[in-house]
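Participant: Below is the file data24.txt, with compact mmCIF, C-alpha atoms and all ligand atoms.
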```txt
# COMPACT_ATOMS: atom_id res chain seq x y z
CA MET A 29 136.62 13.60 119.28
CA TYR A 30 139.49 13.21 121.69
CA GLN A 31 138.45 13.25 125.32
CA PHE A 32 141.06 13.74 128.04
CA ASP A 33 140.69 10.98 130.63
CA LEU A 34 142.10 12.33 133.88
CA GLU A 35 141.74 9.14 135.88
CA ARG A 36 143.58 7.00 133.36
CA TYR A 37 146.21 9.65 132.99
CA GLU A 38 146.90 9.90 136.71
CA LYS A 39 147.11 6.13 136.99
CA ARG A 40 149.55 5.87 134.10
CA MET A 41 151.73 8.63 135.54
CA GLU A 42 152.06 7.29 139.08
CA TRP A 43 155.35 5.41 138.72
CA TYR A 44 156.80 8.22 136.68
CA GLN A 45 156.08 10.87 139.30
CA ASP A 46 157.36 8.65 142.09
CA ALA A 47 160.58 7.98 140.17
CA ARG A 48 161.72 11.63 139.95
CA PHE A 49 165.17 10.84 138.63
CA GLY A 50 166.17 9.26 135.32
CA MET A 51 169.11 8.88 132.96
CA PHE A 52 169.11 10.22 129.42
CA ILE A 53 171.59 8.64 126.99
CA HIS A 54 172.56 10.33 123.73
CA TRP A 55 174.54 7.94 121.62
CA GLY A 56 175.03 7.33 117.93
CA LEU A 57 177.45 7.75 115.03
CA TYR A 58 178.15 11.31 116.18
CA ALA A 59 180.17 9.88 119.06
CA ILE A 60 182.95 9.28 116.50
CA PRO A 61 183.49 12.89 115.32
CA ALA A 62 182.96 13.64 119.03
CA ARG A 63 181.70 17.19 118.56
CA GLY A 64 178.15 16.74 119.80
CA GLU A 65 175.03 15.18 118.27
CA TRP A 66 174.25 18.15 116.00
CA VAL A 67 177.59 17.96 114.21
CA ARG A 68 176.18 16.97 110.82
CA SER A 69 173.90 20.02 110.81
CA THR A 70 176.07 22.66 112.45
CA GLU A 71 179.10 21.83 110.32
CA GLU A 72 176.91 21.18 107.25
CA ILE A 73 178.55 17.84 106.63
CA PRO A 74 177.38 16.31 103.33
CA LYS A 75 176.12 12.75 103.37
CA GLU A 76 179.21 11.34 101.70
CA ASP A 77 181.39 12.82 104.44
CA TYR A 78 179.16 11.46 107.20
CA MET A 79 178.91 7.91 105.84
CA PRO A 80 182.49 7.00 106.82
CA TYR A 81 181.30 7.10 110.44
CA PHE A 82 178.69 4.53 109.52
CA ASP A 83 181.34 2.33 107.89
CA GLU A 84 183.56 2.69 110.91
CA PHE A 85 181.04 2.38 113.75
CA ASN A 86 182.12 -0.49 116.01
CA PRO A 87 181.47 0.08 119.71
CA THR A 88 183.41 -2.88 121.03
CA ASP A 89 182.91 -1.86 124.66
CA TYR A 90 179.13 -1.57 124.36
CA ASP A 91 177.66 -3.23 127.42
CA PRO A 92 174.31 -1.72 128.37
CA HIS A 93 174.40 -3.66 131.64
CA LYS A 94 177.20 -1.30 132.71
CA TRP A 95 175.06 1.72 131.80
CA ALA A 96 172.05 0.32 133.61
CA LYS A 97 174.13 -0.45 136.70
CA ALA A 98 175.57 3.04 136.70
CA ALA A 99 172.06 4.50 136.50
CA LYS A 100 170.79 2.27 139.27
CA GLU A 101 173.72 3.04 141.56
CA ALA A 102 173.13 6.75 141.04
CA GLY A 103 169.58 6.26 142.28
CA MET A 104 167.93 6.71 138.91
CA LYS A 105 164.69 4.87 138.26
CA TYR A 106 164.44 5.00 134.48
CA VAL A 107 166.73 5.23 131.47
CA VAL A 108 165.94 6.78 128.08
CA LEU A 109 168.16 5.98 125.07
CA THR A 110 168.24 7.70 121.65
CA ALA A 111 166.96 4.85 119.48
CA LYS A 112 167.26 7.33 116.61
CA HIS A 113 168.56 10.90 116.70
CA HIS A 114 168.30 13.66 114.09
CA ASP A 115 171.06 12.21 111.91
CA GLY A 116 168.67 9.35 111.14
CA PHE A 117 170.95 6.53 112.28
CA CYS A 118 168.98 3.78 114.01
CA LEU A 119 170.38 1.86 116.97
CA PHE A 120 167.71 -0.72 116.24
CA ASP A 121 167.09 -3.17 113.42
CA SER A 122 164.58 -1.22 111.34
CA LYS A 123 163.13 -2.91 108.28
CA TYR A 124 162.64 0.47 106.65
CA THR A 125 166.19 1.77 106.41
CA GLU A 126 169.67 0.50 105.71
CA PHE A 127 171.07 3.20 107.98
CA LYS A 128 171.10 1.14 111.17
CA SER A 129 173.46 -0.45 113.66
CA THR A 130 172.81 -3.98 112.39
CA ASN A 131 174.36 -2.93 109.08
CA THR A 132 177.56 -1.64 110.67
CA LYS A 133 180.62 -3.58 111.77
CA CYS A 134 179.05 -4.12 115.17
CA GLY A 135 176.08 -5.89 113.58
CA ARG A 136 173.99 -5.73 116.75
CA ASP A 137 170.52 -4.47 117.58
CA LEU A 138 171.73 -2.10 120.28
CA VAL A 139 168.23 -1.18 121.41
CA ALA A 140 167.30 -4.83 121.99
CA GLU A 141 170.31 -5.29 124.25
CA PHE A 142 169.63 -1.99 125.97
CA VAL A 143 166.01 -2.68 126.94
CA GLU A 144 166.96 -6.12 128.23
CA ALA A 145 169.80 -4.73 130.36
CA VAL A 146 167.75 -1.89 131.82
CA ARG A 147 164.89 -4.20 132.76
CA ALA A 148 167.38 -6.62 134.33
CA GLU A 149 168.32 -3.87 136.80
CA GLY A 150 164.67 -3.36 137.65
CA LEU A 151 164.59 0.06 136.00
CA LYS A 152 161.95 1.48 133.69
CA VAL A 153 162.96 1.72 130.08
CA GLY A 154 162.45 4.55 127.61
CA LEU A 155 163.31 5.27 123.99
CA TYR A 156 163.94 8.64 122.36
CA PHE A 157 162.83 8.97 118.76
CA SER A 158 163.74 11.96 116.60
CA LEU A 159 161.00 13.49 114.47
CA LEU A 160 163.70 15.11 112.34
CA ASP A 161 165.68 12.92 109.96
CA TRP A 162 168.63 14.45 108.14
CA TYR A 163 169.33 11.21 106.31
CA HIS A 164 165.96 10.73 104.65
CA PRO A 165 165.83 12.32 101.19
CA ASP A 166 162.28 13.56 101.74
CA TYR A 167 162.89 15.30 105.05
CA PRO A 168 163.10 19.10 104.52
CA HIS A 169 166.36 20.75 105.48
CA TYR A 170 166.37 22.02 109.00
CA ARG A 171 167.89 25.40 109.64
CA ASP A 172 168.18 27.11 112.96
CA LYS A 173 166.20 30.34 113.52
CA ASN A 174 169.39 32.38 113.21
CA HIS A 175 170.81 30.56 110.23
CA PRO A 176 171.38 32.85 107.21
CA MET A 177 170.17 30.11 104.84
CA ARG A 178 166.99 29.52 106.80
CA ASN A 179 164.59 31.02 104.28
CA ASN A 180 166.77 30.78 101.24
CA PRO A 181 164.97 28.79 98.53
CA ALA A 182 168.32 28.09 96.90
CA TYR A 183 169.12 25.29 99.20
CA GLY A 184 166.47 23.08 97.81
CA ASN A 185 163.53 21.67 99.66
CA GLU A 186 161.55 21.30 96.45
CA ASN A 187 160.85 17.84 95.08
CA ARG A 188 160.72 16.42 98.55
CA ASN A 189 157.77 14.17 99.22
CA PHE A 190 157.05 14.64 102.89
CA ASP A 191 154.41 11.88 102.85
CA ASN A 192 157.16 9.39 102.06
CA TYR A 193 159.01 10.53 105.11
CA LEU A 194 155.89 10.36 107.28
CA GLN A 195 155.34 6.80 106.20
CA LEU A 196 158.86 5.84 107.23
CA MET A 197 158.56 7.70 110.51
CA HIS A 198 155.26 6.04 111.43
CA ASN A 199 156.64 2.66 110.38
CA GLN A 200 159.69 3.05 112.58
CA VAL A 201 157.65 4.19 115.55
CA ARG A 202 155.52 1.09 115.04
CA GLU A 203 158.69 -1.00 115.08
CA ILE A 204 160.00 0.38 118.35
CA CYS A 205 156.54 0.01 119.89
CA THR A 206 156.24 -3.59 118.69
CA ASN A 207 159.63 -5.26 118.80
CA TYR A 208 161.02 -4.36 122.21
CA GLY A 209 158.37 -5.38 124.71
CA LYS A 210 156.68 -2.98 127.08
CA LEU A 211 158.13 0.52 126.89
CA ASP A 212 157.73 2.83 129.85
CA VAL A 213 158.71 6.12 128.19
CA LEU A 214 158.59 7.35 124.62
CA TRP A 215 160.46 10.61 124.04
CA PHE A 216 159.68 12.26 120.70
CA ASP A 217 161.91 15.16 119.66
CA PHE A 218 160.96 17.82 118.47
CA SER A 219 158.50 20.25 116.83
CA TYR A 220 159.38 23.63 115.35
CA ASP A 221 157.88 26.24 113.01
CA ASP A 222 154.95 24.58 111.23
CA MET A 223 156.54 21.18 111.77
CA ARG A 224 154.28 20.22 114.65
CA GLY A 225 151.08 18.40 115.52
CA GLU A 226 149.14 17.25 112.48
CA LYS A 227 152.10 17.95 110.23
CA TRP A 228 153.46 14.74 111.82
CA HIS A 229 150.00 13.15 111.47
CA ALA A 230 150.25 13.20 115.22
CA THR A 231 146.71 12.08 116.07
CA LYS A 232 147.13 9.01 113.92
CA LEU A 233 150.59 8.39 115.34
CA MET A 234 149.32 8.64 118.93
CA ASP A 235 146.44 6.28 118.19
CA MET A 236 148.92 3.74 116.93
CA VAL A 237 151.30 4.20 119.86
CA ARG A 238 148.46 3.95 122.40
CA SER A 239 147.10 0.80 120.77
CA LEU A 240 150.52 -0.85 120.95
CA GLN A 241 151.73 0.63 124.24
CA PRO A 242 148.65 1.73 126.18
CA ASP A 243 150.53 2.85 129.28
CA VAL A 244 153.70 4.31 127.84
CA VAL A 245 154.54 7.79 129.18
CA ILE A 246 155.02 10.22 126.27
CA ASP A 247 156.63 13.66 126.19
CA ASN A 248 154.95 16.73 124.66
CA ARG A 249 157.25 17.32 121.71
CA LEU A 250 154.88 16.22 118.99
CA GLU A 251 153.47 19.67 119.76
CA VAL A 252 156.33 21.78 121.03
CA SER A 253 160.10 21.96 121.44
CA GLY A 254 161.95 22.43 124.72
CA GLU A 255 160.07 25.73 124.89
CA GLY A 256 156.29 25.94 125.25
CA HIS A 257 154.09 23.91 127.52
CA GLY A 258 151.58 22.64 124.98
CA SER A 259 147.83 22.24 124.70
CA LEU A 260 147.35 20.39 127.98
CA ALA A 261 148.67 23.47 129.75
CA GLU A 262 146.48 25.71 127.62
CA GLY A 263 143.37 23.82 128.70
CA ASN A 264 142.49 22.44 125.25
CA PRO A 265 144.29 19.10 125.14
CA LYS A 266 144.95 17.90 121.62
CA PRO A 267 145.10 14.12 121.13
CA TYR A 268 148.88 14.37 120.92
CA HIS A 269 149.46 16.68 123.90
CA GLY A 270 151.69 14.14 125.59
CA ASP A 271 151.94 13.27 129.26
CA PHE A 272 154.59 15.62 130.53
CA VAL A 273 156.15 18.98 129.77
CA SER A 274 159.82 18.71 128.81
CA PRO A 275 161.75 21.88 129.68
CA GLU A 276 165.28 21.60 128.37
CA GLN A 277 168.41 22.88 130.11
CA MET A 278 166.37 24.93 132.56
CA ILE A 279 164.36 24.38 135.70
CA PRO A 280 161.00 26.15 135.62
CA PRO A 281 161.06 28.98 138.19
CA ASN A 282 157.76 27.99 139.80
CA GLY A 283 157.11 24.49 138.55
CA ILE A 284 154.58 24.30 135.71
CA CYS A 285 150.82 24.89 135.93
CA ASP A 286 148.02 24.84 133.38
CA VAL A 287 145.83 27.88 132.69
CA ASN A 288 143.67 27.00 135.68
CA GLY A 289 146.62 26.91 138.06
CA LYS A 290 146.64 23.12 138.34
CA ASP A 291 150.10 21.56 138.66
CA LEU A 292 151.35 19.79 135.56
CA ILE A 293 153.74 16.87 135.31
CA TRP A 294 157.15 17.88 133.97
CA GLU A 295 160.68 16.67 133.52
CA ALA A 296 163.71 18.91 133.14
CA CYS A 297 166.32 17.31 130.89
CA VAL A 298 169.82 18.44 131.75
CA THR A 299 173.34 17.79 130.48
CA MET A 300 176.35 17.20 132.74
CA ASN A 301 178.68 19.18 130.49
CA ASN A 302 177.54 21.35 127.57
CA ASN A 303 176.63 18.63 125.10
CA TRP A 304 174.13 15.81 124.83
CA GLY A 305 176.18 13.64 122.51
CA TYR A 306 179.80 12.78 123.32
CA CYS A 307 182.12 15.77 122.88
CA ALA A 308 185.78 15.00 123.35
CA ASN A 309 186.84 18.57 124.13
CA ASP A 310 184.01 19.47 126.45
CA HIS A 311 185.37 19.01 129.95
CA TYR A 312 183.21 21.67 131.51
CA PHE A 313 181.22 19.39 133.81
CA LYS A 314 178.82 20.68 136.42
CA PRO A 315 179.86 19.77 139.96
CA ALA A 316 178.06 16.70 141.32
CA GLY A 317 176.94 18.70 144.36
CA MET A 318 175.24 21.23 142.15
CA LEU A 319 173.42 18.49 140.26
CA ILE A 320 172.20 17.01 143.55
CA LYS A 321 170.81 20.41 144.53
CA LYS A 322 169.21 20.77 141.10
CA LEU A 323 167.53 17.38 141.47
CA VAL A 324 166.19 18.50 144.84
CA GLU A 325 165.03 21.75 143.25
CA CYS A 326 163.11 19.85 140.58
CA VAL A 327 161.38 17.66 143.16
CA SER A 328 160.63 20.66 145.39
CA LYS A 329 158.83 22.18 142.39
CA GLY A 330 156.94 19.00 141.57
CA GLY A 331 159.11 17.80 138.66
CA ASN A 332 161.52 15.11 137.51
CA MET A 333 165.10 15.41 136.39
CA LEU A 334 166.45 13.47 133.40
CA LEU A 335 170.23 13.72 133.61
CA ASN A 336 172.17 13.04 130.43
CA VAL A 337 175.29 11.06 129.62
CA GLY A 338 176.91 10.83 126.18
CA PRO A 339 178.90 7.60 125.81
CA ASP A 340 181.93 7.64 123.52
CA ALA A 341 182.35 5.78 120.24
CA ARG A 342 183.50 2.62 122.01
CA GLY A 343 180.37 2.66 124.16
CA ASN A 344 181.83 3.93 127.42
CA ILE A 345 180.24 6.62 129.56
CA PRO A 346 182.95 9.30 130.05
CA GLU A 347 184.90 9.03 133.28
CA GLU A 348 183.82 12.49 134.42
CA SER A 349 180.20 11.43 134.09
CA MET A 350 180.81 8.18 135.93
CA ALA A 351 182.40 10.10 138.81
CA ILE A 352 179.39 12.42 139.00
CA LEU A 353 177.00 9.47 138.99
CA LYS A 354 178.96 7.88 141.84
CA THR A 355 178.81 11.00 143.99
CA ILE A 356 175.10 11.42 143.39
CA GLY A 357 174.59 7.74 144.21
CA LYS A 358 176.39 8.12 147.50
CA TRP A 359 174.07 10.95 148.47
CA MET A 360 170.99 9.12 147.21
CA LYS A 361 171.85 6.07 149.29
CA LYS A 362 171.30 8.12 152.43
CA ASN A 363 168.71 10.58 151.24
CA SER A 364 166.59 9.12 148.42
CA GLU A 365 163.58 8.92 150.73
CA SER A 366 163.40 12.71 150.31
CA ILE A 367 163.28 12.31 146.50
CA TYR A 368 161.19 9.25 145.54
CA GLY A 369 157.48 9.82 145.75
CA CYS A 370 158.08 13.36 146.96
CA THR A 371 156.75 16.60 145.60
CA LYS A 372 156.22 20.29 146.40
CA ALA A 373 155.95 21.09 150.07
CA GLY A 374 153.50 23.92 149.60
CA ILE A 375 155.66 26.01 151.91
CA GLU A 376 157.84 28.88 150.84
CA LYS A 377 161.43 27.91 150.17
CA PRO A 378 163.70 28.71 153.14
CA ASP A 379 166.82 30.77 152.50
CA TYR A 380 169.16 27.90 153.40
CA GLY A 381 167.73 25.32 151.00
CA ARG A 382 164.56 23.62 149.83
CA ILE A 383 161.71 21.50 151.09
CA THR A 384 160.21 18.34 149.61
CA ARG A 385 157.16 16.54 150.92
CA LYS A 386 155.74 13.04 151.04
CA GLY A 387 152.31 13.02 152.65
CA LYS A 388 152.69 14.46 156.13
CA LYS A 389 156.47 14.23 156.11
CA LEU A 390 158.48 17.29 155.24
CA TYR A 391 162.10 17.00 154.16
CA PHE A 392 164.14 20.13 154.83
CA HIS A 393 167.18 20.16 152.58
CA LEU A 394 169.98 22.18 154.14
CA PHE A 395 172.25 23.40 151.36
CA GLU A 396 174.39 25.44 153.76
CA ASN A 397 175.95 25.02 157.10
CA THR A 398 174.29 26.94 159.85
CA ILE A 399 174.90 29.05 162.88
CA GLY A 400 172.64 28.02 165.69
CA PRO A 401 169.12 26.66 165.46
CA ILE A 402 167.42 26.31 162.09
CA PRO A 403 164.10 28.13 161.68
CA LEU A 404 161.48 25.90 160.05
CA MET A 405 159.31 28.66 158.70
CA GLY A 406 155.82 27.93 157.50
CA ILE A 407 154.90 25.25 160.02
CA ARG A 408 153.39 25.40 163.49
CA LYS A 409 154.73 23.71 166.60
CA GLU A 410 151.56 21.61 167.00
CA GLU A 411 152.22 20.10 163.57
CA VAL A 412 155.65 18.79 164.51
CA GLU A 413 155.72 15.25 165.79
CA LYS A 414 159.47 14.88 165.69
CA ILE A 415 162.57 16.03 163.83
CA ARG A 416 165.20 13.55 162.66
CA TRP A 417 168.31 13.56 160.51
CA LEU A 418 167.33 11.58 157.44
CA ALA A 419 170.76 10.01 156.95
CA THR A 420 171.14 8.64 160.49
CA GLY A 421 167.70 8.80 162.04
CA ALA A 422 169.17 10.70 164.99
CA GLU A 423 166.70 12.97 166.72
CA ILE A 424 166.91 16.74 166.82
CA PRO A 425 165.21 18.72 169.58
CA VAL A 426 162.42 21.11 168.65
CA SER A 427 162.69 24.77 169.70
CA THR A 428 164.41 24.72 173.03
CA SER A 429 163.23 27.43 175.36
CA TRP A 430 165.97 30.00 174.75
CA VAL A 431 165.03 30.60 171.12
CA HIS A 432 161.39 30.08 171.65
CA SER A 433 160.98 32.97 174.02
CA ASP A 434 162.31 35.44 171.43
CA TYR A 435 160.45 33.88 168.47
CA PRO A 436 157.32 32.34 169.93
CA ASP A 437 155.72 31.70 166.51
CA ILE A 438 158.63 29.99 164.84
CA VAL A 439 159.58 26.33 165.09
CA PHE A 440 163.33 25.70 165.26
CA ALA A 441 165.37 22.59 164.79
CA ASP A 442 167.90 22.98 167.57
CA LEU A 443 171.17 21.51 166.40
CA GLY A 444 172.99 22.55 169.58
CA PRO A 445 176.02 24.81 169.78
CA ASP A 446 178.37 25.00 166.77
CA PRO A 447 176.51 22.51 164.63
CA VAL A 448 178.35 21.07 161.65
CA LEU A 449 176.21 19.49 159.00
CA PRO A 450 177.53 16.03 158.23
CA ASP A 451 176.95 16.35 154.48
CA ASP A 452 177.96 19.75 153.19
CA VAL A 453 176.11 19.40 149.86
CA ASP A 454 172.64 18.78 151.16
CA THR A 455 171.91 17.49 154.63
CA VAL A 456 168.29 16.49 155.02
CA LEU A 457 166.18 16.74 158.13
C1 LIG A 501 166.72 18.60 121.26
C2 LIG A 501 167.73 17.99 120.35
O1 LIG A 501 167.89 18.78 119.20
C3 LIG A 501 169.04 17.82 121.07
O2 LIG A 501 169.99 17.22 120.24
C4 LIG A 501 168.80 16.95 122.28
O3 LIG A 501 168.39 15.65 121.87
C5 LIG A 501 167.76 17.57 123.17
C6 LIG A 501 167.38 16.72 124.35
O4 LIG A 501 166.57 17.85 122.44
O5 LIG A 501 167.14 19.91 121.58
C7 LIG A 501 166.43 21.00 121.27
C8 LIG A 501 165.22 20.94 120.68
C9 LIG A 501 164.56 22.11 120.39
C10 LIG A 501 165.13 23.33 120.70
C11 LIG A 501 166.34 23.37 121.33
C12 LIG A 501 166.99 22.21 121.60
N1 LIG A 501 164.47 24.49 120.39
O6 LIG A 501 163.50 24.48 119.60
O7 LIG A 501 164.85 25.56 120.87
```
Will you turn the file into structure tokens for me?
Ligand code: JFZ
Facilitator:
Amino acid sequence: MYQFDLERYEKRMEWYQDARFGMFIHWGLYAIPARGEWVRSTEEIPKEDYMPYFDEFNPTDYDPHKWAKAAKEAGMKYVVLTAKHHDGFCLFDSKYTEFKSTNTKCGRDLVAEFVEAVRAEGLKVGLYFSLLDWYHPDYPHYRDKNHPMRNNPAYGNENRNFDNYLQLMHNQVREICTNYGKLDVLWFDFSYDDMRGEKWHATKLMDMVRSLQPDVVIDNRLEVSGEGHGSLAEGNPKPYHGDFVSPEQMIPPNGICDVNGKDLIWEACVTMNNNWGYCANDHYFKPAGMLIKKLVECVSKGGNMLLNVGPDARGNIPEESMAILKTIGKWMKKNSESIYGCTKAGIEKPDYGRITRKGKKLYFHLFENTIGPIPLMGIRKEEVEKIRWLATGAEIPVSTSWVHSDYPDIVFADLGPDPVLPDDVDTVL
């Protein structure tokens, strides 16, 4: 019987919770059609029309050191790459398929180079592994909930031997857990309908993963999709519950708790534009300042943010994404102390921004400029040792007498007359 071991769990999760900020990388053959990573499914591309991308694949600019440097300079602490996405194409040299990067023109084990480059930057390394496989003949057709063909028997899932697929899937997971040294994160994706849990032989799979990579941090998608918090949250942890909840393209309104109200570990994965995989026509990028505030929001709710980039077919991260990473990095250089190792403040969010906490230190994130002194609601004057700008260390006086007499119970940070916040995205005090 599986027994949840809280102490071991908390130990394993320490680095991950301190890290708070990581890079997600979606990359594969789908970078060539450049219409997102679901293109083979959404456009119902038959195998023979997808194979030309395999024949053509040749990312001559692939240099994972550049990716790892970009992540590091943005202040990210870990990087997770799609070793295999739903189309079934492996960026690693799998013995169990011919559909892999080593069999393309590039002829390289892209995962091997990736893990080496990420570690060289001192970052933690993670691999994403798709539970779906549209290439394998025994994997049942996937159809979206709203797809008209979803329950139509005419499109032929009969004569598929799912056990064959499971064998391949388990074999490939064994390969990535064996051939690439110590992995820090393993990101399975995803469960749906009855395709979840033991359908994947998930207990057996987890036993194998844990025996090969005892401390790897695993997501919860052997049980759920981007929706649903899983059995750990429900208070009946299954052996394959995973280590963190993985909300997708949304930040949980109040963080995430289990049924007993205990905080859970979670990571919001977020795209910069509207696609995970490279999409040539998608130029609708979120402003860097917004993404900084969203990172702060995650931390202020006790979570991580995994921010995605989708490199192009040559292996380059799009320029728009690089610019965003640079801007975030500039902010992180001054303010990362308010992110790493920080969590919920346990104080209600102020109307001008958010609060993160590390031990006895509170970080007030000012998302707006201000008129006059800033009320620090939720704390008492006796609790305040000093107030400083995080970026410069310059001191800020506490509640000068003129405000204090009108609001005796509120602590103010007195910025003086006509204060202008030096960083208009998020100035931290
Ligand atoms: C999944 C992938 O399909 C997607 O390509 C990307 O890798 C992302 C990080 O994860 O996205 C999902 C998975 C499940 C649902 C929605 C998006 N779902 O069940 O609603």
Participant: Give the residue list for ligand LIG 501 (chain A) at 8 Å, counting only C-alpha atoms and all ligand atoms, as a PyMOL selection string, sorted by chain and then by residue number.
Facilitator: chain A and resi 54+65-66+110+113-114+158+217-220+252-255+276+297-298+304-305
Participant: Go through stretch 184-297 of chain A and flag each residue having an atom no more than 8 Å from stretch 34-50 of chain A; for those, report the closest pair of atoms plus their distance in Å to one decimal, using all atoms listed in the file, ordered by chain and rising number, as a tab-separated table.
Facilitator:
```
residue	atom	partner	partner_atom	distance
A:Asp243	CA	A:Arg40	CA	5.8
A:Val244	CA	A:Arg40	CA	7.7
A:Val245	CA	A:Met41	CA	7.0
A:Asp271	CA	A:Tyr37	CA	7.7
A:Ile293	CA	A:Gln45	CA	7.6
```
Participant: Counting only C-alpha atoms, which residues of stretch 82-160 of chain A fall within 12 Å of stretch 317-335 of chain A, and what is the closest atom pair for each with its distance in Å at one decimal, ordered by chain and rising number, as JSON lines?
Facilitator:
```
{"residue": "A:Ala99", "atom": "CA", "partner": "A:Leu335", "partner_atom": "CA", "distance": 9.8}
{"residue": "A:Ala102", "atom": "CA", "partner": "A:Leu335", "partner_atom": "CA", "distance": 10.6}
{"residue": "A:Gly103", "atom": "CA", "partner": "A:Ile320", "partner_atom": "CA", "distance": 11.1}
{"residue": "A:Met104", "atom": "CA", "partner": "A:Leu334", "partner_atom": "CA", "distance": 8.8}
{"residue": "A:Lys105", "atom": "CA", "partner": "A:Leu334", "partner_atom": "CA", "distance": 10.0}
{"residue": "A:Tyr106", "atom": "CA", "partner": "A:Leu334", "partner_atom": "CA", "distance": 8.8}
{"residue": "A:Val107", "atom": "CA", "partner": "A:Leu334", "partner_atom": "CA", "distance": 8.5}
{"residue": "A:Val108", "atom": "CA", "partner": "A:Leu334", "partner_atom": "CA", "distance": 8.6}
{"residue": "A:Leu109", "atom": "CA", "partner": "A:Leu334", "partner_atom": "CA", "distance": 11.3}
{"residue": "A:Gly154", "atom": "CA", "partner": "A:Leu334", "partner_atom": "CA", "distance": 11.4}
```
Participant: Using all atoms listed in the file, which of A:Cys307, A:Met300, A:Met236, A:Leu292 sits nearest A:Gln277?
Facilitator: A:Met300
Participant: Give the answer as one residue: which of A:Phe52, A:Lys133, A:Asn187, A:Leu138 has the shortest atom-to-atom distance to A:Tyr156, using only C-alpha atoms?
Facilitator: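 Nearest candidate to A:Tyr156 out of A:Phe52, A:Lys133, A:Asn187, A:Leu138: A:Phe52.
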Participant: Excluding A:Lys123 and any residue of its chain fewer than 6 positions from it, enumerate the residues within 9 Å of it, using all atoms listed in the file, and give them as a PyMOL selection string.
Facilitator: chain A and resi 199-200+203
Participant: Would you compute the distance between atom CA of A:Glu251 and atom CA of A:Lys112? Give it in Å to one decimal.
Facilitator: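 That distance, rounded to one decimal, is 18.8 Å.
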Participant: From the list A:His432, A:Lys361, A:Lys377, A:Arg238, which residue is nearest A:Leu418 when using all atoms listed in the file?
Facilitator: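 Checking each of A:His432, A:Lys361, A:Lys377, A:Arg238 against A:Leu418, counting all atoms listed in the file, the winner is A:Lys361.
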Participant: Write out as a list in words each polymer residue whose atoms come within 8 Å of A:Glu149, counting all atoms listed in the file; drop sequence neighbours fewer than 2 positions from it.
Facilitator: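 Answer for this query is His93, Ala96, Lys97, Lys100, Ala145, Val146, Arg147 and Leu151 of chain A.
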Participant: Pull C-alpha atoms from the residues just selected and write them as a CSV table (one decimal), in the coordinates of the input.
Facilitator:
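And here is the file that came out, out.csv:
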```csv
chain,number,residue,atom,x,y,z
A,93,HIS,CA,174.4,-3.7,131.6
A,96,ALA,CA,172.0,0.3,133.6
A,97,LYS,CA,174.1,-0.4,136.7
A,100,LYS,CA,170.8,2.3,139.3
A,145,ALA,CA,169.8,-4.7,130.4
A,146,VAL,CA,167.8,-1.9,131.8
A,147,ARG,CA,164.9,-4.2,132.8
A,151,LEU,CA,164.6,0.1,136.0
```
Participant: Using all atoms listed in the file - which residues lie no farther than 8 Å from the point (151.0, 17.4, 106.9) in the file's frame? Write them as a list in words.
Facilitator: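 Residues satisfying the cut-off, written out: Phe190, Asp191, Glu226, Lys227, Trp228 and His229 of chain A.
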Participant: Would you pick out the contacts of A:Ile438 at 12 Å or less, using all atoms listed in the file, so that residues sharing its chain but fewer than 3 positions from it are not included, and give the list as a ChimeraX atom specification?
Facilitator: /A:401-412,426-429,431-435,441-442
Participant: Of the candidates A:Val337, A:Val439, A:Cys370, A:Val213, which one gets nearest to A:Asn248 if we count only C-alpha atoms?
Facilitator: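 Between A:Val337, A:Val439, A:Cys370, A:Val213, the residue approaching A:Asn248 most closely is A:Val213.
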Participant: Using atom CA of A:Pro339 and atom CA of A:Val67 as the two end points, give the distance in Å to one decimal.
Facilitator: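 Those two atoms sit 15.6 Å apart.
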Participant: What separation in Å, quoted to one decimal, exists between atom CA of A:Tyr268 and atom CA of A:Leu155?
Facilitator: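 Rounded to one decimal, the two atoms are 17.3 Å apart.
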Participant: Compile the contact shell of A:Val287 as a PyMOL selection string: residues with an atom at most 8 Å away, counting only C-alpha atoms, same-chain residues fewer than 5 positions apart removed.
Facilitator: chain A and resi 261-263
Participant: Quick one: write out the picked residues with C-alpha atoms as an mmCIF file, keeping the file's coordinate frame?
Facilitator:
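Saved as part18.cif:
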```cif
data_model
loop_
_atom_site.group_PDB
_atom_site.id
_atom_site.type_symbol
_atom_site.label_atom_id
_atom_site.label_comp_id
_atom_site.auth_asym_id
_atom_site.auth_seq_id
_atom_site.Cartn_x
_atom_site.Cartn_y
_atom_site.Cartn_z
ATOM 1 C CA ALA A 261 148.670 23.470 129.750
ATOM 2 C CA GLU A 262 146.480 25.710 127.620
ATOM 3 C CA GLY A 263 143.370 23.820 128.700
#
```
Participant: Identify which of the residues A:Ile284, A:Ile383, A:Ile352, A:Leu211 lies closest to A:Val237, counting all atoms listed in the file when measuring atom-to-atom distances.
Facilitator: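 Closest residue, counting all atoms listed in the file: A:Leu211.
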Participant: Choose the residue, out of A:Ala140, A:Gly256, A:Lys266, A:Ser129, that has the smallest atom-to-atom separation from A:Gly209; count all atoms listed in the file.
Facilitator: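 Closest candidate: A:Ala140.
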Participant: So which residues are close to (173.7, -5.9, 112.6), meaning at most 12 Å away in the file's coordinates with all atoms listed in the file counted, and can you show them as a ChimeraX atom specification?
Facilitator: /A:82,85-86,118-123,126-140
Participant: List the neighbours of A:His393 out to 6 Å using only C-alpha atoms; skip same-chain residues closer than 4 positions along the sequence, and give me the result as a ChimeraX atom specification.
Facilitator: /A:381-383,454-456
